[in-house]
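Q: My file is my_file_22.txt. It has compact mmCIF, C-alpha atoms:
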# COMPACT_ATOMS: atom_id res chain seq x y z
CA MET A 16 -82.03 23.32 116.86
CA ALA A 17 -78.61 24.12 118.28
CA TRP A 18 -75.46 22.66 116.77
CA ASP A 19 -72.31 24.65 117.35
CA PHE A 20 -68.59 23.99 117.55
CA HIS A 21 -67.86 27.39 119.09
CA THR A 22 -66.59 27.82 122.65
CA GLU A 23 -68.22 30.71 124.50
CA PRO A 24 -65.74 33.59 124.95
CA GLU A 25 -65.89 33.58 128.77
CA PHE A 26 -64.92 29.93 128.98
CA GLN A 27 -62.32 30.29 126.24
CA GLU A 28 -60.59 32.80 128.52
CA LYS A 29 -60.42 30.09 131.19
CA LEU A 30 -58.99 27.62 128.68
CA ASP A 31 -56.40 30.16 127.60
CA TRP A 32 -55.43 30.72 131.24
CA ILE A 33 -55.08 26.96 131.77
CA GLN A 34 -52.87 26.64 128.70
CA ARG A 35 -50.56 29.45 129.83
CA PHE A 36 -50.44 28.16 133.39
CA CYS A 37 -49.52 24.64 132.24
CA GLU A 38 -46.84 25.86 129.85
CA GLU A 39 -45.27 28.40 132.20
CA LYS A 40 -45.54 26.65 135.57
CA VAL A 41 -46.84 23.09 135.47
CA GLU A 42 -44.47 21.71 132.84
CA PRO A 43 -41.28 23.14 134.43
CA LEU A 44 -42.39 21.81 137.83
CA HIS A 45 -42.84 18.31 136.43
CA HIS A 46 -39.40 18.16 134.82
CA VAL A 47 -37.59 19.48 137.89
CA PHE A 48 -39.71 17.71 140.55
CA PRO A 49 -41.46 14.62 139.11
CA HIS A 50 -44.48 13.63 141.24
CA ALA A 51 -44.21 16.99 142.99
CA ALA A 52 -47.67 16.81 144.56
CA ARG A 53 -46.65 13.71 146.55
CA LEU A 54 -43.14 14.76 147.54
CA PRO A 55 -42.68 15.27 151.32
CA ASP A 56 -40.05 18.02 150.92
CA PRO A 57 -41.53 21.10 152.71
CA ALA A 58 -40.17 23.56 150.14
CA VAL A 59 -41.65 21.59 147.22
CA LYS A 60 -44.94 21.11 149.05
CA ALA A 61 -45.20 24.84 149.76
CA TYR A 62 -44.63 25.70 146.09
CA VAL A 63 -47.19 23.09 144.97
CA ARG A 64 -49.73 24.62 147.37
CA GLU A 65 -49.08 28.05 145.87
CA LEU A 66 -49.76 26.78 142.38
CA GLN A 67 -52.85 24.93 143.52
CA GLN A 68 -54.14 28.09 145.15
CA GLU A 69 -53.82 29.88 141.82
CA VAL A 70 -56.00 27.15 140.31
CA LYS A 71 -58.56 27.52 143.13
CA ASP A 72 -58.62 31.29 142.69
CA GLN A 73 -59.65 30.70 139.08
CA GLY A 74 -62.49 28.41 140.22
CA LEU A 75 -60.87 25.46 138.46
CA TRP A 76 -60.25 23.08 141.37
CA ALA A 77 -61.79 19.55 141.34
CA LEU A 78 -63.68 20.25 138.13
CA PHE A 79 -64.87 16.65 137.79
CA LEU A 80 -67.37 16.97 140.66
CA ASP A 81 -70.96 17.85 139.83
CA GLU A 82 -72.57 20.75 141.63
CA GLU A 83 -74.87 18.50 143.69
CA LEU A 84 -71.77 16.70 144.97
CA GLY A 85 -70.09 19.91 146.09
CA GLY A 86 -68.09 20.64 142.95
CA PRO A 87 -68.22 23.54 140.50
CA GLY A 88 -70.71 21.78 138.23
CA LEU A 89 -68.72 22.45 135.09
CA GLY A 90 -70.33 19.63 133.12
CA GLN A 91 -68.65 16.96 131.02
CA LEU A 92 -68.38 18.96 127.79
CA LYS A 93 -66.44 21.80 129.37
CA LEU A 94 -64.45 19.29 131.40
CA ALA A 95 -63.47 17.59 128.12
CA LEU A 96 -62.10 20.87 126.78
CA VAL A 97 -60.11 21.36 130.00
CA ASN A 98 -58.76 17.81 129.98
CA GLU A 99 -57.59 18.24 126.38
CA ILE A 100 -55.05 20.62 127.87
CA LEU A 101 -54.31 18.91 131.19
CA GLY A 102 -53.71 15.52 129.58
CA ARG A 103 -50.60 16.83 127.85
CA TYR A 104 -48.82 17.62 131.13
CA PRO A 105 -48.24 14.74 133.59
CA ALA A 106 -48.34 16.99 136.68
CA ALA A 107 -51.42 18.97 135.66
CA PRO A 108 -54.22 16.70 136.95
CA GLN A 109 -52.90 16.74 140.52
CA LEU A 110 -52.27 20.48 140.43
CA PHE A 111 -55.91 20.92 139.40
CA GLY A 112 -57.23 18.46 141.99
CA ALA A 113 -58.39 16.12 139.26
CA ALA A 114 -56.01 13.14 139.25
CA ALA A 115 -57.02 9.50 139.07
CA PRO A 116 -57.50 7.30 141.01
CA ASP A 117 -58.55 9.89 143.61
CA THR A 118 -61.18 11.45 141.36
CA GLY A 119 -63.34 8.33 141.15
CA ASN A 120 -62.99 7.58 144.86
CA ILE A 121 -63.88 11.16 145.72
CA GLU A 122 -66.97 10.93 143.54
CA MET A 123 -68.09 7.75 145.31
CA LEU A 124 -67.58 9.37 148.70
CA ALA A 125 -69.41 12.52 147.66
CA ALA A 126 -72.35 10.53 146.27
CA TYR A 127 -72.67 7.74 148.84
CA GLY A 128 -70.69 8.72 151.93
CA THR A 129 -72.23 9.66 155.25
CA GLU A 130 -71.55 13.11 156.65
CA GLU A 131 -69.02 11.59 159.05
CA GLN A 132 -67.27 9.70 156.21
CA LYS A 133 -67.09 12.88 154.13
CA LYS A 134 -65.55 14.76 157.03
CA ARG A 135 -63.05 12.00 157.74
CA TRP A 136 -61.99 11.14 154.17
CA LEU A 137 -63.56 13.33 151.48
CA GLU A 138 -62.23 16.66 152.65
CA PRO A 139 -58.63 15.41 153.13
CA LEU A 140 -58.72 13.76 149.69
CA LEU A 141 -59.97 16.94 148.06
CA ASP A 142 -57.23 18.93 149.82
CA GLN A 143 -54.61 16.29 148.90
CA GLU A 144 -53.77 15.74 152.53
CA MET A 145 -54.55 12.11 151.73
CA PHE A 146 -54.27 9.99 148.59
CA SER A 147 -56.24 6.90 147.67
CA ALA A 148 -56.32 3.85 145.40
CA TYR A 149 -59.08 1.69 143.97
CA SER A 150 -58.74 -2.01 144.72
CA MET A 151 -61.12 -3.79 142.37
CA THR A 152 -59.70 -6.35 139.93
CA GLU A 153 -58.58 -9.80 141.06
CA PRO A 154 -55.95 -12.26 139.76
CA GLN A 155 -58.39 -14.97 138.77
CA GLY A 156 -61.34 -12.82 137.70
CA GLY A 157 -59.83 -9.73 136.12
CA SER A 158 -62.51 -7.03 136.07
CA ASP A 159 -65.49 -9.42 136.01
CA PRO A 160 -67.33 -8.88 139.33
CA SER A 161 -69.16 -12.20 138.96
CA LEU A 162 -65.81 -13.95 139.50
CA PHE A 163 -64.65 -11.90 142.50
CA ARG A 164 -63.93 -13.70 145.77
CA THR A 165 -62.85 -10.94 148.16
CA ARG A 166 -65.46 -10.78 150.91
CA ALA A 167 -66.10 -8.89 154.13
CA VAL A 168 -67.65 -10.81 157.02
CA ARG A 169 -69.24 -9.00 159.94
CA ASP A 170 -67.74 -9.87 163.32
CA GLY A 171 -69.24 -7.84 166.16
CA ASP A 172 -68.54 -4.17 165.53
CA GLU A 173 -66.03 -4.87 162.74
CA TRP A 174 -65.81 -6.15 159.20
CA VAL A 175 -63.16 -8.79 158.46
CA ILE A 176 -61.92 -8.71 154.87
CA ASN A 177 -60.20 -11.61 153.14
CA GLY A 178 -59.19 -11.78 149.51
CA GLU A 179 -56.67 -10.84 146.88
CA LYS A 180 -56.60 -7.86 144.55
CA TRP A 181 -54.52 -7.32 141.42
CA PHE A 182 -53.53 -4.07 139.70
CA THR A 183 -54.46 -1.66 142.47
CA SER A 184 -52.85 1.37 140.85
CA ALA A 185 -50.80 3.52 143.25
CA GLY A 186 -51.83 1.26 146.13
CA ARG A 187 -48.33 1.29 147.58
CA VAL A 188 -48.40 5.07 148.11
CA ALA A 189 -52.08 5.43 149.02
CA ASP A 190 -53.38 6.38 152.45
CA LEU A 191 -56.77 4.79 151.74
CA LEU A 192 -57.73 1.73 149.73
CA PHE A 193 -61.26 1.52 148.36
CA VAL A 194 -61.77 -2.24 148.33
CA MET A 195 -64.54 -3.76 146.22
CA CYS A 196 -65.83 -6.89 147.93
CA VAL A 197 -68.58 -9.19 146.71
CA ASN A 198 -70.83 -7.78 149.43
CA GLY A 199 -69.92 -4.09 149.51
CA MET A 200 -67.39 -1.29 149.02
CA PHE A 201 -65.06 -0.73 151.98
CA VAL A 202 -62.60 2.01 152.88
CA VAL A 203 -59.42 0.44 154.26
CA PRO A 204 -56.49 2.51 155.55
CA ARG A 205 -53.38 1.10 153.87
CA ARG A 206 -51.53 0.58 157.15
CA THR A 207 -54.30 -1.62 158.59
CA PRO A 208 -52.85 -4.94 159.85
CA GLY A 209 -53.32 -7.70 157.29
CA VAL A 210 -52.89 -5.49 154.22
CA GLU A 211 -49.99 -7.14 152.39
CA ILE A 212 -48.63 -5.36 149.31
CA ARG A 213 -46.53 -7.67 147.17
CA PRO A 214 -43.18 -6.35 145.80
CA GLU A 215 -44.29 -6.60 142.16
CA PRO A 216 -45.75 -4.99 140.12
CA ARG A 217 -44.37 -1.71 141.47
CA ASN A 218 -46.95 0.77 140.15
CA HIS A 219 -50.10 -1.36 139.82
CA ASN A 220 -49.98 -3.35 143.00
CA HIS A 221 -50.86 -6.90 143.94
CA ILE A 222 -52.47 -6.76 147.39
CA VAL A 223 -53.51 -9.58 149.71
CA TYR A 224 -56.13 -8.78 152.37
CA ARG A 225 -55.64 -11.29 155.14
CA ASP A 226 -58.07 -10.98 158.08
CA VAL A 227 -58.13 -7.21 157.64
CA ARG A 228 -60.37 -5.66 160.30
CA VAL A 229 -62.11 -2.32 159.84
CA PRO A 230 -64.94 -0.72 161.86
CA LEU A 231 -68.53 -1.09 160.67
CA ASP A 232 -68.63 2.53 159.50
CA HIS A 233 -65.96 1.80 156.90
CA LEU A 234 -68.64 0.35 154.62
CA LEU A 235 -69.29 2.92 151.88
CA GLY A 236 -72.87 3.01 150.65
CA PRO A 237 -75.28 0.12 151.19
CA GLU A 238 -74.21 -3.43 151.91
CA ASP A 239 -74.17 -5.40 148.64
CA GLY A 240 -74.03 -2.08 146.78
CA ALA A 241 -70.49 -2.38 145.42
CA ARG A 242 -71.55 -2.84 141.78
CA THR A 243 -73.70 0.28 141.86
CA LEU A 244 -70.85 2.31 143.31
CA ALA A 245 -68.37 0.84 140.84
CA GLN A 246 -70.51 1.76 137.84
CA ARG A 247 -70.86 5.29 139.17
CA ARG A 248 -67.10 5.48 139.55
CA LEU A 249 -66.05 3.82 136.30
CA GLY A 250 -68.57 5.48 133.97
CA GLY A 251 -67.08 8.93 134.49
CA GLY A 252 -63.54 7.59 134.71
CA ARG A 253 -63.71 6.02 131.25
CA ILE A 254 -64.62 9.20 129.45
CA HIS A 255 -62.15 11.23 131.52
CA HIS A 256 -59.39 8.88 130.34
CA ALA A 257 -60.57 9.48 126.78
CA MET A 258 -60.48 13.26 127.26
CA ARG A 259 -56.87 13.14 128.41
CA THR A 260 -55.98 10.68 125.64
CA ILE A 261 -56.91 13.36 123.09
CA ALA A 262 -54.13 15.50 124.55
CA GLN A 263 -51.65 12.65 124.26
CA CYS A 264 -52.61 12.00 120.64
CA ARG A 265 -52.28 15.68 119.81
CA LEU A 266 -48.83 15.77 121.41
CA ALA A 267 -47.77 12.75 119.33
CA LEU A 268 -49.09 14.40 116.15
CA ASP A 269 -47.30 17.67 116.95
CA MET A 270 -44.05 15.79 117.48
CA MET A 271 -44.58 13.80 114.28
CA CYS A 272 -45.06 16.92 112.16
CA GLU A 273 -42.12 18.75 113.73
CA ARG A 274 -39.83 15.76 113.18
CA ALA A 275 -40.99 15.28 109.59
CA LEU A 276 -39.97 18.84 108.77
CA SER A 277 -36.62 18.52 110.56
CA ARG A 278 -35.09 15.30 109.21
CA GLU A 279 -33.68 14.48 105.79
CA SER A 280 -33.55 11.14 104.03
CA HIS A 281 -32.77 10.20 100.42
CA GLY A 282 -32.22 13.76 99.32
CA SER A 283 -35.20 15.53 100.88
CA VAL A 284 -36.86 16.26 104.19
CA ILE A 285 -38.97 13.26 105.15
CA ALA A 286 -42.11 15.43 105.17
CA GLU A 287 -41.94 15.20 101.37
CA HIS A 288 -42.09 11.41 101.38
CA GLN A 289 -45.56 10.11 100.60
CA MET A 290 -45.49 7.35 103.22
CA VAL A 291 -44.70 9.95 105.90
CA GLN A 292 -47.44 12.21 104.57
CA GLU A 293 -49.87 9.28 104.76
CA LYS A 294 -49.05 8.72 108.45
CA ILE A 295 -49.50 12.42 109.23
CA ALA A 296 -52.81 12.67 107.35
CA GLU A 297 -54.21 9.46 108.85
CA SER A 298 -53.16 10.48 112.36
CA TYR A 299 -54.76 13.90 111.99
CA VAL A 300 -58.09 12.43 110.90
CA LYS A 301 -58.06 9.75 113.61
CA LEU A 302 -57.46 12.43 116.23
CA LYS A 303 -60.30 14.56 114.84
CA MET A 304 -62.74 11.64 114.84
CA LEU A 305 -61.83 10.62 118.39
CA ARG A 306 -62.16 14.19 119.64
CA LEU A 307 -65.58 14.73 118.08
CA TYR A 308 -66.81 11.39 119.45
CA VAL A 309 -65.60 12.24 122.96
CA LEU A 310 -67.12 15.73 122.85
CA GLU A 311 -70.45 14.40 121.59
CA THR A 312 -70.50 11.77 124.35
CA ALA A 313 -69.72 14.43 126.97
CA TRP A 314 -72.53 16.54 125.53
CA LYS A 315 -74.93 13.58 125.85
CA ILE A 316 -73.94 13.01 129.49
CA ASP A 317 -74.61 16.67 130.29
CA ARG A 318 -78.11 16.37 128.84
CA THR A 319 -78.97 12.94 130.21
CA SER A 320 -76.69 10.87 132.47
CA THR A 321 -73.77 8.45 132.34
CA LYS A 322 -76.33 5.63 132.38
CA GLU A 323 -78.18 6.97 129.33
CA ALA A 324 -74.87 7.57 127.51
CA ARG A 325 -73.48 4.15 128.41
CA THR A 326 -73.23 2.93 124.80
CA ASP A 327 -71.09 5.87 123.72
CA ILE A 328 -68.99 5.83 126.91
CA ALA A 329 -68.11 2.23 126.07
CA GLY A 330 -67.47 3.28 122.46
CA VAL A 331 -65.01 6.05 123.31
CA LYS A 332 -63.34 3.77 125.84
CA PHE A 333 -62.20 1.19 123.29
CA THR A 334 -61.67 3.76 120.52
CA MET A 335 -59.23 5.89 122.51
CA ALA A 336 -56.84 2.99 123.17
CA ARG A 337 -56.69 2.08 119.47
CA VAL A 338 -56.20 5.66 118.30
CA LEU A 339 -53.51 6.28 120.93
CA ARG A 340 -51.70 3.11 119.90
CA GLU A 341 -51.80 3.92 116.18
CA ILE A 342 -50.85 7.60 116.36
CA SER A 343 -48.11 7.12 118.94
CA PHE A 344 -46.66 4.24 116.92
CA ASP A 345 -46.53 6.34 113.75
CA ALA A 346 -44.96 9.22 115.64
CA LEU A 347 -42.43 6.86 117.21
CA HIS A 348 -41.63 5.38 113.80
CA ILE A 349 -41.06 8.79 112.20
CA HIS A 350 -38.64 9.64 115.03
CA GLY A 351 -36.60 6.57 114.15
CA SER A 352 -34.26 5.17 116.79
CA LEU A 353 -34.86 8.17 119.05
CA GLY A 354 -38.53 7.16 119.31
CA THR A 355 -37.59 3.83 120.85
CA THR A 356 -35.74 5.46 123.75
CA ASP A 357 -37.02 7.08 126.92
CA LEU A 358 -35.71 10.48 125.79
CA THR A 359 -39.10 11.55 124.40
CA PRO A 360 -42.67 10.92 125.66
CA LEU A 361 -43.42 8.67 122.69
CA HIS A 362 -42.12 5.40 124.10
CA ASP A 363 -44.19 5.74 127.28
CA MET A 364 -47.17 6.89 125.24
CA TYR A 365 -47.05 3.82 123.00
CA ALA A 366 -46.40 1.52 125.96
CA SER A 367 -49.43 2.95 127.78
CA ALA A 368 -51.84 2.14 124.96
CA PRO A 369 -52.29 -1.55 125.98
CA THR A 370 -52.93 -0.41 129.55
CA MET A 371 -55.60 2.00 128.32
CA GLY A 372 -57.16 -0.93 126.48
CA LEU A 373 -57.48 -2.85 129.75
CA ALA A 374 -58.02 -0.17 132.42
CA ASP A 375 -61.65 0.14 133.56
CA GLY A 376 -62.48 -3.10 131.74
CA ALA A 377 -61.00 -4.80 128.68
CA ASP A 378 -61.85 -3.22 125.32
CA GLU A 379 -63.42 -6.49 124.17
CA VAL A 380 -65.99 -6.25 126.96
CA HIS A 381 -66.91 -2.71 125.92
CA LYS A 382 -67.17 -3.69 122.27
CA ALA A 383 -69.59 -6.44 123.26
CA THR A 384 -71.55 -3.92 125.33
CA VAL A 385 -71.85 -1.52 122.39
CA ALA A 386 -72.93 -4.32 120.04
CA ARG A 387 -75.52 -5.75 122.45
CA ARG A 388 -77.04 -2.36 123.18
CA LEU A 389 -77.19 -1.42 119.50
CA LEU A 390 -78.80 -4.73 118.54
CA LYS A 391 -81.66 -4.08 120.97
CA GLY A 392 -82.89 -1.43 118.57
CA TYR A 393 -83.19 -3.83 115.62
CA GLN A 394 -85.41 -6.73 114.56
CA PRO A 395 -84.59 -9.70 112.31
CA HIS A 396 -85.99 -9.53 108.78
CA GLU A 397 -88.55 -12.00 107.52
CA GLY A 398 -87.79 -14.47 104.76
CA HIS A 399 -84.48 -15.15 103.08
CA PHE A 400 -83.49 -11.62 102.12
CA PRO A 401 -82.99 -8.33 104.03
CA ARG A 402 -85.44 -5.43 103.88
CA GLU A 403 -83.01 -3.56 101.62
CA PHE A 404 -83.19 -6.38 99.00
CA LEU A 405 -83.69 -4.35 95.82
CA PRO A 406 -86.50 -6.44 94.27
CA TYR A 407 -88.46 -5.90 97.52
CA LYS A 408 -87.78 -2.17 97.41
CA ARG A 409 -88.97 -1.90 93.79
CA GLU A 410 -92.18 -3.78 94.57
CA GLN A 411 -92.87 -1.54 97.56
CA ALA A 412 -92.10 1.55 95.49
CA TRP A 413 -94.67 0.58 92.85
CA GLU A 414 -97.30 0.10 95.56
CA ARG A 415 -96.57 3.49 97.10
CA MET A 416 -96.59 5.26 93.74
CA GLN A 417 -100.05 3.95 92.71
CA PRO A 418 -101.95 7.00 94.11
CA VAL A 419 -99.58 9.28 92.20
CA PHE A 420 -100.01 7.26 88.99
CA ALA A 421 -103.80 7.44 89.39
CA ASP A 422 -103.61 11.23 89.29
CA ARG A 423 -100.95 11.39 86.59
CA PRO A 424 -101.54 8.91 83.75
CA GLU A 425 -98.57 10.24 81.80
CA LEU A 426 -96.29 9.47 84.76
CA ALA A 427 -97.78 5.97 85.00
CA GLU A 428 -97.08 5.41 81.29
CA ALA A 429 -93.49 6.61 81.72
CA ALA A 430 -93.04 4.24 84.66
CA GLU A 431 -94.33 1.30 82.63
CA ASN A 432 -91.95 2.16 79.82
CA TRP A 433 -88.99 2.24 82.22
CA LYS A 434 -90.12 -1.02 83.77
CA ARG A 435 -90.19 -2.73 80.36
CA PHE A 436 -86.80 -1.28 79.52
CA PHE A 437 -85.18 -2.68 82.68
CA THR A 438 -86.83 -6.09 82.40
CA THR A 439 -86.00 -6.59 78.70
CA ARG A 440 -82.46 -5.27 78.52
CA SER A 441 -79.77 -7.92 78.02
Please rewrite the model in this file as structure tokens.

A:
Amino acid sequence: MAWDFHTEPEFQEKLDWIQRFCEEKVEPLHHVFPHAARLPDPAVKAYVRELQQEVKDQGLWALFLDEELGGPGLGQLKLALVNEILGRYPAAPQLFGAAAPDTGNIEMLAAYGTEEQKKRWLEPLLDQEMFSAYSMTEPQGGSDPSLFRTRAVRDGDEWVINGEKWFTSAGRVADLLFVMCVNGMFVVPRRTPGVEIRPEPRNHNHIVYRDVRVPLDHLLGPEDGARTLAQRRLGGGRIHHAMRTIAQCRLALDMMCERALSRESHGSVIAEHQMVQEKIAESYVKLKMLRLYVLETAWKIDRTSTKEARTDIAGVKFTMARVLREISFDALHIHGSLGTTDLTPLHDMYASAPTMGLADGADEVHKATVARRLLKGYQPHEGHFPREFLPYKREQAWERMQPVFADRPELAEAAENWKRFFTTRS
């Protein structure tokens, strides 16, 4: 049996390097040049490439890819420990080649793409010479594929795509759109005629595909295989979101504790107020429980697969949104009016919690998934009362103890005495 909460020293050195690198270089870059990895300025781009090369030299680039897909094969548990650091710094995922939505699209390409597709799209995406978006959900159907209407129809040596997609995150700035149709997954260059990006929402785009024509080789994976590809993409994405959410919750807790020790109210620092102490204690325990659940789920994936760990992936998915919402709200509240402004990360953190509860499928869907899968392991009881009904348990216990009583008459007599005592007491 192996059950250990210790990180091996060699990997801890990597984690320590990541922490120092993020504090000393990634965080300053973000505050001076927001979205630095996408800025066209040659000087900024050159500096970003230098930092990314440092990451590559450490063997820490594109850590989400399994070894059989051309990645370092770090595994989900170690990746969780890395993401606990990266998730605290907005610029870190792109500087480590591990930013959504590219990560999921890269994984689909690596797993299902042809050699020509990998050469054309995978390598540029990995090198951040291109960026991508995932165009899945629809206005009328949300994330339920059974309600999708976007379809590709074959016309000679082309596919013609018609439909409407909602909440294609970063679609406006993507080079490639991975479009989930009812009959397949298609790679669509954003500038293809017929791709109409609506003005709003700005960050999670509403896109109309009107007679969009792409060559036949822009089908990714098998025809009618979109659901299989989507599950491959979303399974990993859900737990990766949870890994980074741990970092956000820890940041909120750190800010909460610092603020509680720094502010006075009614004659004492607010850290001495019991209601503030309650928020700090509850937040700490919620963070601990979420972290252990995420790490255990990552451990399960490493030993089985995302399919085998599906119940717990769904569990961490809906748990992370709730924990993020509750901890960030308490931290915001302890900061008072400052917490409601955009002068700290707390407002964005709290505002992002509902999005986390909807991204990659609504939490309610995942709760139903967990319940259904758990119930498969149970059977209904017979009769009016459950198997743990105490009169049943006592009757069964007497039956099981009969061989013991046969060998030990004095024990049988003691049992009868106790039985009379319990049945005659008022």

Q: List as a list in words the protein and nucleic acid residues near A:Ala275, meaning an atom at most 6 Å away when all atoms listed in the file are counted, but skip any in the same chain fewer than 3 places from it.

A: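 So the residues in contact are Cys272, Arg278, Ile285 and Ala286 of chain A.
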
Q: Leaving out A:Gly112 and any residue of its chain fewer than 5 positions from it, which residues lie within 8 Å of it when counting all atoms listed in the file, given as a list in words?

A: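 Here the answer would be Gln67, Trp76, Ala77, Leu78, Leu141, Asp142 and Gln143 of chain A.
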
Q: The centre and edge lengths of an axis-aligned box containing all atoms of stretch 368-374 of chain A present in the file, extended by 3 Å on each side, are to be given in Å to one decimal, as lines of an AutoDock Vina configuration file.

A:
center_x = -54.9
center_y = -0.4
center_z = 128.7
size_x = 12.2
size_y = 11.0
size_z = 13.5

Q: Which one of A:Ile295, A:Ile254, A:Ala366, A:Cys37 sits closest to A:Glu311 if you count all atoms listed in the file?

A: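 The closest residue to A:Glu311 is A:Ile254.
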
Q: Between atom CA of A:Thr129 and atom CA of A:Asp172, measure the distance and give it in Å to one decimal.

A: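 Separation of atom CA of A:Thr129 and atom CA of A:Asp172: 17.6 Å.
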
Q: Work out how far apart atom CA of A:Arg325 and atom CA of A:Val385 are and give it in Å to one decimal.

A: 8.4 Å

Q: Find the residue from A:Val194, A:Leu124, A:Leu54, A:Met335 that sits nearest to A:Arg164; use only C-alpha atoms when measuring.

A: A:Val194

Q: Compare A:Arg225, A:His255, A:Arg64, A:Arg169 by their minimum atom-to-atom distance to A:Val331, counting only C-alpha atoms, and give me the closest one.

A: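 Of A:Arg225, A:His255, A:Arg64, A:Arg169, the one nearest A:Val331 is A:His255, counting only C-alpha atoms.
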
Q: Using only C-alpha atoms, which residue out of A:Ala52, A:Lys303, A:Pro116, A:Leu310 lies closest to A:Asp19?

A: A:Leu310

Q: Up to 12 Å from (-76.7, -3.2, 148.7) in the file's coordinates: name the residues, counting all atoms listed in the file, as a PyMOL selection string.

A: chain A and resi 127+196-200+234-244

Q: Residues of the last selection are to be written out with C-alpha atoms, as an mmCIF file, keeping the file's coordinate frame.

A:
data_model
loop_
_atom_site.group_PDB
_atom_site.id
_atom_site.type_symbol
_atom_site.label_atom_id
_atom_site.label_comp_id
_atom_site.auth_asym_id
_atom_site.auth_seq_id
_atom_site.Cartn_x
_atom_site.Cartn_y
_atom_site.Cartn_z
ATOM 1 C CA TYR A 127 -72.670 7.740 148.840
ATOM 2 C CA CYS A 196 -65.830 -6.890 147.930
ATOM 3 C CA VAL A 197 -68.580 -9.190 146.710
ATOM 4 C CA ASN A 198 -70.830 -7.780 149.430
ATOM 5 C CA GLY A 199 -69.920 -4.090 149.510
ATOM 6 C CA MET A 200 -67.390 -1.290 149.020
ATOM 7 C CA LEU A 234 -68.640 0.350 154.620
ATOM 8 C CA LEU A 235 -69.290 2.920 151.880
ATOM 9 C CA GLY A 236 -72.870 3.010 150.650
ATOM 10 C CA PRO A 237 -75.280 0.120 151.190
ATOM 11 C CA GLU A 238 -74.210 -3.430 151.910
ATOM 12 C CA ASP A 239 -74.170 -5.400 148.640
ATOM 13 C CA GLY A 240 -74.030 -2.080 146.780
ATOM 14 C CA ALA A 241 -70.490 -2.380 145.420
ATOM 15 C CA ARG A 242 -71.550 -2.840 141.780
ATOM 16 C CA THR A 243 -73.700 0.280 141.860
ATOM 17 C CA LEU A 244 -70.850 2.310 143.310
#

Q: List every protein, DNA or RNA residue that has at least one atom no more than 12 Å from (-71.6, 22.3, 115.8) in the file's coordinates, counting only C-alpha atoms, and write the result as JSON, numbers by chain.

A: {"A": [16, 17, 18, 19, 20, 21, 22, 307, 310, 311, 314]}

Q: May I have a table of the residues of stretch 155-200 of chain A lying at most 8 Å from stretch 204-224 of chain A, giving each one's closest pair of atoms and their distance in Å to one decimal, counting only C-alpha atoms, ordered by chain and ascending residue number, as a tab-separated table?

A:
residue	atom	partner	partner_atom	distance
A:Ile176	CA	A:Tyr224	CA	6.3
A:Asn177	CA	A:Tyr224	CA	5.0
A:Gly178	CA	A:Tyr224	CA	5.2
A:Glu179	CA	A:Val223	CA	4.4
A:Lys180	CA	A:Ile222	CA	5.1
A:Trp181	CA	A:His221	CA	4.5
A:Phe182	CA	A:His219	CA	4.4
A:Thr183	CA	A:Asn220	CA	4.8
A:Ser184	CA	A:His219	CA	4.0
A:Ala185	CA	A:Asn218	CA	5.7
A:Gly186	CA	A:Asn220	CA	5.9
A:Arg187	CA	A:Asn220	CA	6.7
A:Ala189	CA	A:Arg205	CA	6.6
A:Asp190	CA	A:Arg205	CA	5.5
A:Leu191	CA	A:Pro204	CA	4.4
A:Leu192	CA	A:Pro204	CA	6.0

Q: Write out as a PyMOL selection string which residues come within 12 Å of stretch 349-365 of chain A when counting only C-alpha atoms, dropping same-chain ones fewer than 4 positions away.

A: chain A and resi 102-105+259-280+284-286+288+290-295+336-345+369-372

Q: Find, counting all atoms listed in the file, the residue in A:Gly128, A:Pro406, A:Pro230, A:Pro24 that gets nearest to A:Leu84.

A: A:Gly128

Q: Please indicate the distance in Å from atom CA of A:Thr438 to atom CA of A:Lys408, rounded to one decimal place.

A: 15.5 Å
